[in-house]
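A.B. asks: Please find one structure pasted underneath; my questions will follow.
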Amino acid sequence: MARKLNIAVQGCCHGMLDNIYNHLLAQQKQKKVDLLIICGDFQAIRNVTDLKCMSCPDKYKQIGGFYRYYSGEKTAPVPTIFIDGNHEAGNHSREIYYGGWVAKNIYFLGNSGVVKFGGLRIGGISGIFKDFDYHKGYYELPPFRGHSRSSMHHVRSYEAFKMLQIRWPLDIMISHDWPQYIERYGDTEGLLKKKPFFKKEVDCGDLGSPVNAMLLERLRPAWWLSAHLHVRFTAKVDANESIFPEGWAGVAPRSTDTAEANPANTDEIAISDDEFAFSEPSNGTQVAAPDAKNSTAMPTKADNVCRGPTQFLALDKCLPRRQFLEIIEVEAPDNAADKELKLEYDPEWLAILRLCHPYMPLDEAPFDPPASGATPLFSDELVNKEMDWVMKNIFADGPKYIPENFVPVAPVPPPGTPDTANFGIARNDRGRGPGYDRHGQRNVRNVRNGSEWPGPLPYFINANPQTEDFCKMLGIQDQLTQRLH
């Protein structure tokens, strides 16, 4: 008999882990929750350097409560997995690019990733879509100033390319921003009553990410979970439907316009009392079909992994009287009824990582997919070759559970530091780095509570043994973070 798992879904986190877990524990009295999924803007902030690298206006930066989970002062009461949104400490995410534990019982899926839990296959892609960064490689380097703070959270075509290689069905897919056009498969009128300022983007077909639409069309997971727009919304894409309207032309090509090649931080959104004010898109994303070499084209119906329906759920952020957390039931495969409720590596995803690793782009040049076709795919022969290696070297003894090998690698503030602490960044930072006033003099006194950052400023990037162990297991080099140490 198939087992149903109770999955709690949270919209944007914004560092409010304590509130989310308290709300979840209250709901657990009626229904036991097996797993919590957080759909971005997690804000795994450990210290003042993470705050400095966080992608949001300085005046809104606060340490939050995550550091207590990182230090071990607190432990997540249920297994938790999350993806990044567009307001994160990008330096922390880079330390565990392939995924890893950020605290005991809290797992980051990486820039993109697939894991198993209780027999369910769960995939995710971090960040949001911005056409001017989509085709670039990972060029950002410490100290991550200016646009690079936000560009680290812009989805890259390399991550989409990896996700497109998936052949086996997914039960759950997680993204921060919505798939483009998904609003047309739910109560669009009700959405616009709640968010009337979406109307122009809805009318133009610009709401959401064309990359996520492309992935939804190919992967067709049973569930697609998102956040970002701070509203609850549901939709259903049936098996016989395509999410794309007729004439859809693909994902926008890399911009060659000078103004767009060096854009302002259009995703560093203005924050009012309790809501985000969204800026207009930098330009339309429904464009003439780009050159095949520098794009990822729309998959055809024949390319889909499976033709089952997809249920879409987006949720709000954690605030009073908001719909920010919901429990869904997801049926696990029949052969997984006795599976331990622990995270496992996914063999197909590990094979895809090995296959794609040599092509990882590390500069601003457009990513050139090493495969062709309407949907750029490696041949089955190449995928099967890597799968054979993975099964022989990693899964020879059966399922491979993700080791619970979290260790802190960065300092945290002293116990009792309030969540509102910002160590002077909000008042004093004028581009000179954390802890300097407008005259360039050292000054890390907090404007809110008088606290100072104790000791020297932490490093931007720390070597993480989880990443080192993962790369060693997979037989690849950690070329992204090695150059940053």
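Just so we're on the same page: first chain in the structure tokens is A, next is B, and so on; residues restart at 1 for each chain, and ligands are numbered from 1 in the order they show up.
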Show which residues sit within 9 Å of A:Gln311, as a ChimeraX atom specification. Count only C-alpha atoms, and ignore same-chain residues fewer than 6 positions away.

C.D. replies: /A:221-225,234-238

A.B. asks: If you count only C-alpha atoms, which residues fall within 12 Å of A:Phe144, apart from same-chain ones fewer than 5 positions away, as a VMD selection string?

C.D. replies: chain A and resid 49 to 55 89 to 92 94 138 to 139 149 to 153 431 433 460 to 461 484

A.B. asks: Which of these, A:Asp206, A:Gly11, A:Glu217, A:His357, has the shortest distance to A:Phe233 once you count only C-alpha atoms?

C.D. replies: A:Gly11

A.B. asks: Give me the residues near A:Val115 as a ChimeraX atom specification, where near means some atom within 8 Å (using only C-alpha atoms) and where sequence neighbours in that chain fewer than 4 positions away do not count.

C.D. replies: /A:109,121-123,343-346,349

A.B. asks: Write the residues you've just listed into a file as a compact mmCIF listing (two decimals), in the first residue's frame, and include N, CA and C atoms for each of them.

C.D. replies:
# COMPACT_ATOMS: atom_id res chain seq x y z
N LEU A 109 19.33 22.80 -1.09
CA LEU A 109 19.36 21.99 -2.31
C LEU A 109 20.43 22.42 -3.30
N ARG A 121 10.98 12.00 -5.06
CA ARG A 121 12.06 12.74 -5.73
C ARG A 121 11.71 14.22 -5.69
N ILE A 122 12.60 15.02 -5.11
CA ILE A 122 12.35 16.44 -4.92
C ILE A 122 13.47 17.22 -5.61
N GLY A 123 13.09 18.06 -6.55
CA GLY A 123 14.05 18.89 -7.26
C GLY A 123 13.85 20.36 -6.93
N LEU A 343 17.07 12.04 4.07
CA LEU A 343 17.47 12.51 2.75
C LEU A 343 18.46 11.54 2.12
N GLU A 344 18.23 11.26 0.85
CA GLU A 344 19.11 10.39 0.07
C GLU A 344 19.63 11.13 -1.15
N TYR A 345 20.83 10.75 -1.59
CA TYR A 345 21.30 11.22 -2.89
C TYR A 345 20.45 10.58 -3.99
N ASP A 346 20.28 11.32 -5.08
CA ASP A 346 19.55 10.82 -6.24
C ASP A 346 20.55 10.38 -7.30
N TRP A 349 20.64 12.40 -10.65
CA TRP A 349 21.19 13.75 -10.52
C TRP A 349 22.71 13.73 -10.38

A.B. asks: Restricting the calculation to only C-alpha atoms, which member of A:Pro210, A:Pro408, A:Pro77, A:Pro347 is positioned closest to A:Asn384?

C.D. replies: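 Closest candidate: A:Pro347.
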
A.B. asks: Show which residues sit within 9 Å of A:Asp84, as a list in words. Count only C-alpha atoms, and ignore same-chain residues fewer than 5 positions away.

C.D. replies: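 Using only C-alpha atoms, the neighbours found are Ile38, Cys39, Gly40, Asp41, Phe42, Gln43, Gly90, Ser93, Phe108, Leu109, Gly110, Asn111, Ile125, Ser126, Gly127, Ile128, His153, Ser175 and His176 of chain A.
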
A.B. asks: Please indicate the distance in Å from atom CA of A:Asn6 to atom CA of A:His228, rounded to one decimal place.

C.D. replies: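 Interatomic distance, atom CA of A:Asn6 to atom CA of A:His228: 22.9 Å.
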
A.B. asks: Any idea what's packed within 8 Å of stretch 165-169 of chain A, counting only C-alpha atoms, ignoring anything in its chain fewer than 4 positions away? Could you give it as number ranges by chain?

C.D. replies: A: 121, 161, 219-221, 305-306, 348-349, 352, 377-378

A.B. asks: Give me the residues within 12 Å of A:Phe117 as a short mmCIF file (atom, residue, chain, number, x, y, z; two decimals) with N, CA, C and O atoms, in the first residue's frame, counting only C-alpha atoms and dropping any in the same chain fewer than 4 places off.

C.D. replies:
data_model
loop_
_atom_site.label_atom_id
_atom_site.label_comp_id
_atom_site.auth_asym_id
_atom_site.auth_seq_id
_atom_site.Cartn_x
_atom_site.Cartn_y
_atom_site.Cartn_z
N LEU A 5 2.92 11.08 2.44
CA LEU A 5 3.73 11.92 3.32
C LEU A 5 3.10 13.29 3.45
O LEU A 5 2.58 13.86 2.48
N ASN A 6 3.13 13.81 4.67
CA ASN A 6 2.64 15.16 4.94
C ASN A 6 3.79 16.15 4.79
O ASN A 6 4.72 16.14 5.60
N ILE A 7 3.71 16.97 3.76
CA ILE A 7 4.77 17.93 3.45
C ILE A 7 4.26 19.33 3.77
O ILE A 7 3.27 19.79 3.20
N ASP A 34 6.01 15.42 8.05
CA ASP A 34 7.21 14.63 7.78
C ASP A 34 8.37 15.47 7.28
O ASP A 34 9.54 15.14 7.52
N LEU A 35 8.07 16.57 6.58
CA LEU A 35 9.12 17.38 5.95
C LEU A 35 8.60 18.79 5.77
O LEU A 35 7.43 19.00 5.48
N LEU A 36 9.49 19.78 5.94
CA LEU A 36 9.18 21.18 5.65
C LEU A 36 10.00 21.61 4.44
O LEU A 36 11.22 21.41 4.40
N ILE A 37 9.33 22.23 3.47
CA ILE A 37 9.99 22.80 2.29
C ILE A 37 9.81 24.31 2.33
O ILE A 37 8.69 24.81 2.45
N PRO A 79 12.64 17.76 9.67
CA PRO A 79 13.57 17.88 8.55
C PRO A 79 13.12 19.00 7.62
O PRO A 79 11.94 19.11 7.27
N THR A 80 14.08 19.83 7.20
CA THR A 80 13.78 21.02 6.41
C THR A 80 14.70 21.08 5.21
O THR A 80 15.91 20.89 5.35
N ILE A 81 14.14 21.33 4.03
CA ILE A 81 14.96 21.60 2.86
C ILE A 81 14.51 22.93 2.26
O ILE A 81 13.36 23.33 2.40
N TYR A 107 18.59 21.48 5.24
CA TYR A 107 19.41 21.15 4.07
C TYR A 107 19.11 22.11 2.92
O TYR A 107 17.95 22.35 2.57
N ARG A 121 10.98 12.00 -5.06
CA ARG A 121 12.06 12.74 -5.73
C ARG A 121 11.71 14.22 -5.69
O ARG A 121 10.65 14.64 -6.18
N ILE A 122 12.60 15.02 -5.11
CA ILE A 122 12.35 16.44 -4.92
C ILE A 122 13.47 17.22 -5.61
O ILE A 122 14.65 17.05 -5.29
N GLY A 123 13.09 18.06 -6.55
CA GLY A 123 14.05 18.89 -7.26
C GLY A 123 13.85 20.36 -6.93
O GLY A 123 12.79 20.77 -6.44
N LEU A 170 9.73 13.61 -11.49
CA LEU A 170 9.86 14.24 -10.18
C LEU A 170 8.49 14.29 -9.50
O LEU A 170 7.47 14.50 -10.14
N ASP A 171 8.50 14.12 -8.19
CA ASP A 171 7.27 14.27 -7.42
C ASP A 171 7.03 15.73 -7.04
O ASP A 171 5.88 16.20 -7.03
N ILE A 172 8.10 16.44 -6.72
CA ILE A 172 8.01 17.84 -6.28
C ILE A 172 9.13 18.64 -6.93
O ILE A 172 10.27 18.18 -6.99
N VAL A 330 1.47 14.04 -0.27
CA VAL A 330 2.09 13.56 -1.50
C VAL A 330 2.29 12.06 -1.36
O VAL A 330 2.88 11.59 -0.38
N GLU A 331 1.81 11.33 -2.33
CA GLU A 331 1.89 9.86 -2.29
C GLU A 331 3.24 9.39 -2.77
O GLU A 331 3.68 9.73 -3.87
N ALA A 332 3.89 8.59 -1.94
CA ALA A 332 5.18 8.01 -2.30
C ALA A 332 4.96 6.77 -3.16
O ALA A 332 3.88 6.17 -3.14
N PRO A 333 5.95 6.34 -3.94
CA PRO A 333 5.80 5.13 -4.75
C PRO A 333 5.51 3.90 -3.88
O PRO A 333 5.86 3.85 -2.70
N ALA A 336 8.25 2.29 -1.83
CA ALA A 336 8.92 3.13 -0.84
C ALA A 336 8.17 3.17 0.48
O ALA A 336 8.44 4.02 1.33
N ALA A 337 7.24 2.22 0.68
CA ALA A 337 6.40 2.25 1.88
C ALA A 337 7.23 2.12 3.15
O ALA A 337 6.85 2.67 4.20
N ASP A 338 8.35 1.42 3.09
CA ASP A 338 9.16 1.20 4.28
C ASP A 338 10.43 2.06 4.30
O ASP A 338 11.32 1.82 5.12
N LYS A 339 10.52 3.03 3.41
CA LYS A 339 11.70 3.88 3.35
C LYS A 339 11.85 4.71 4.61
O LYS A 339 10.88 5.24 5.15
N GLU A 340 13.11 4.84 5.07
CA GLU A 340 13.37 5.76 6.17
C GLU A 340 13.12 7.20 5.71
O GLU A 340 13.39 7.54 4.55
N LEU A 341 12.63 8.00 6.63
CA LEU A 341 12.39 9.40 6.30
C LEU A 341 13.67 10.19 6.51
O LEU A 341 13.81 11.00 7.42
N LYS A 342 14.62 9.93 5.62
CA LYS A 342 15.93 10.59 5.62
C LYS A 342 16.25 11.01 4.20
O LYS A 342 15.78 10.40 3.23
N LEU A 343 17.07 12.04 4.07
CA LEU A 343 17.47 12.51 2.75
C LEU A 343 18.46 11.54 2.12
O LEU A 343 19.40 11.08 2.77
N GLU A 344 18.23 11.26 0.85
CA GLU A 344 19.11 10.39 0.07
C GLU A 344 19.63 11.13 -1.15
O GLU A 344 18.95 12.02 -1.69
N TYR A 345 20.83 10.75 -1.59
CA TYR A 345 21.30 11.22 -2.89
C TYR A 345 20.45 10.58 -3.99
O TYR A 345 19.96 9.46 -3.86
N ASP A 346 20.28 11.32 -5.08
CA ASP A 346 19.55 10.82 -6.24
C ASP A 346 20.55 10.38 -7.30
O ASP A 346 21.36 11.20 -7.77
N PRO A 399 20.80 2.21 -1.39
CA PRO A 399 20.58 3.67 -1.29
C PRO A 399 21.69 4.36 -0.53
O PRO A 399 22.25 3.82 0.44
N LYS A 400 22.01 5.57 -0.98
CA LYS A 400 23.07 6.35 -0.35
C LYS A 400 22.45 7.53 0.38
O LYS A 400 22.01 8.51 -0.23
N TYR A 401 22.37 7.42 1.70
CA TYR A 401 21.81 8.51 2.49
C TYR A 401 22.82 9.65 2.58
O TYR A 401 24.04 9.43 2.66
N ILE A 402 22.32 10.87 2.54
CA ILE A 402 23.19 12.04 2.66
C ILE A 402 23.76 12.07 4.07
O ILE A 402 23.00 12.07 5.05
#

A.B. asks: Which residue, A:Glu381, A:Asp133, A:Glu189, A:Asp334, has the smallest gap to A:Glu364 when you use only C-alpha atoms?

C.D. replies: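 Result for the nearest residue to A:Glu364: A:Asp133.
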
A.B. asks: Of the residues A:Gln28, A:Thr420, A:Asn240, A:Ser226, which is the one nearest to A:Phe324, using only C-alpha atoms?

C.D. replies: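 Of A:Gln28, A:Thr420, A:Asn240, A:Ser226, the one nearest A:Phe324 is A:Ser226, counting only C-alpha atoms.
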
A.B. asks: Between A:Lys200, A:Lys193, A:Arg218, A:Arg3, which residue has the minimum interatomic distance to A:Gly118, considering only C-alpha atoms?

C.D. replies: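 Result for the nearest residue to A:Gly118: A:Arg3.
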
A.B. asks: Write down as a PyMOL selection string the residues belonging to stretch 71-230 of chain A that are assigned alpha helix (DSSP H) by DSSP computed on the backbone.

C.D. replies: chain A and resi 71+90-95+131-134+148-151+157-164+188-194+199-204+210-219
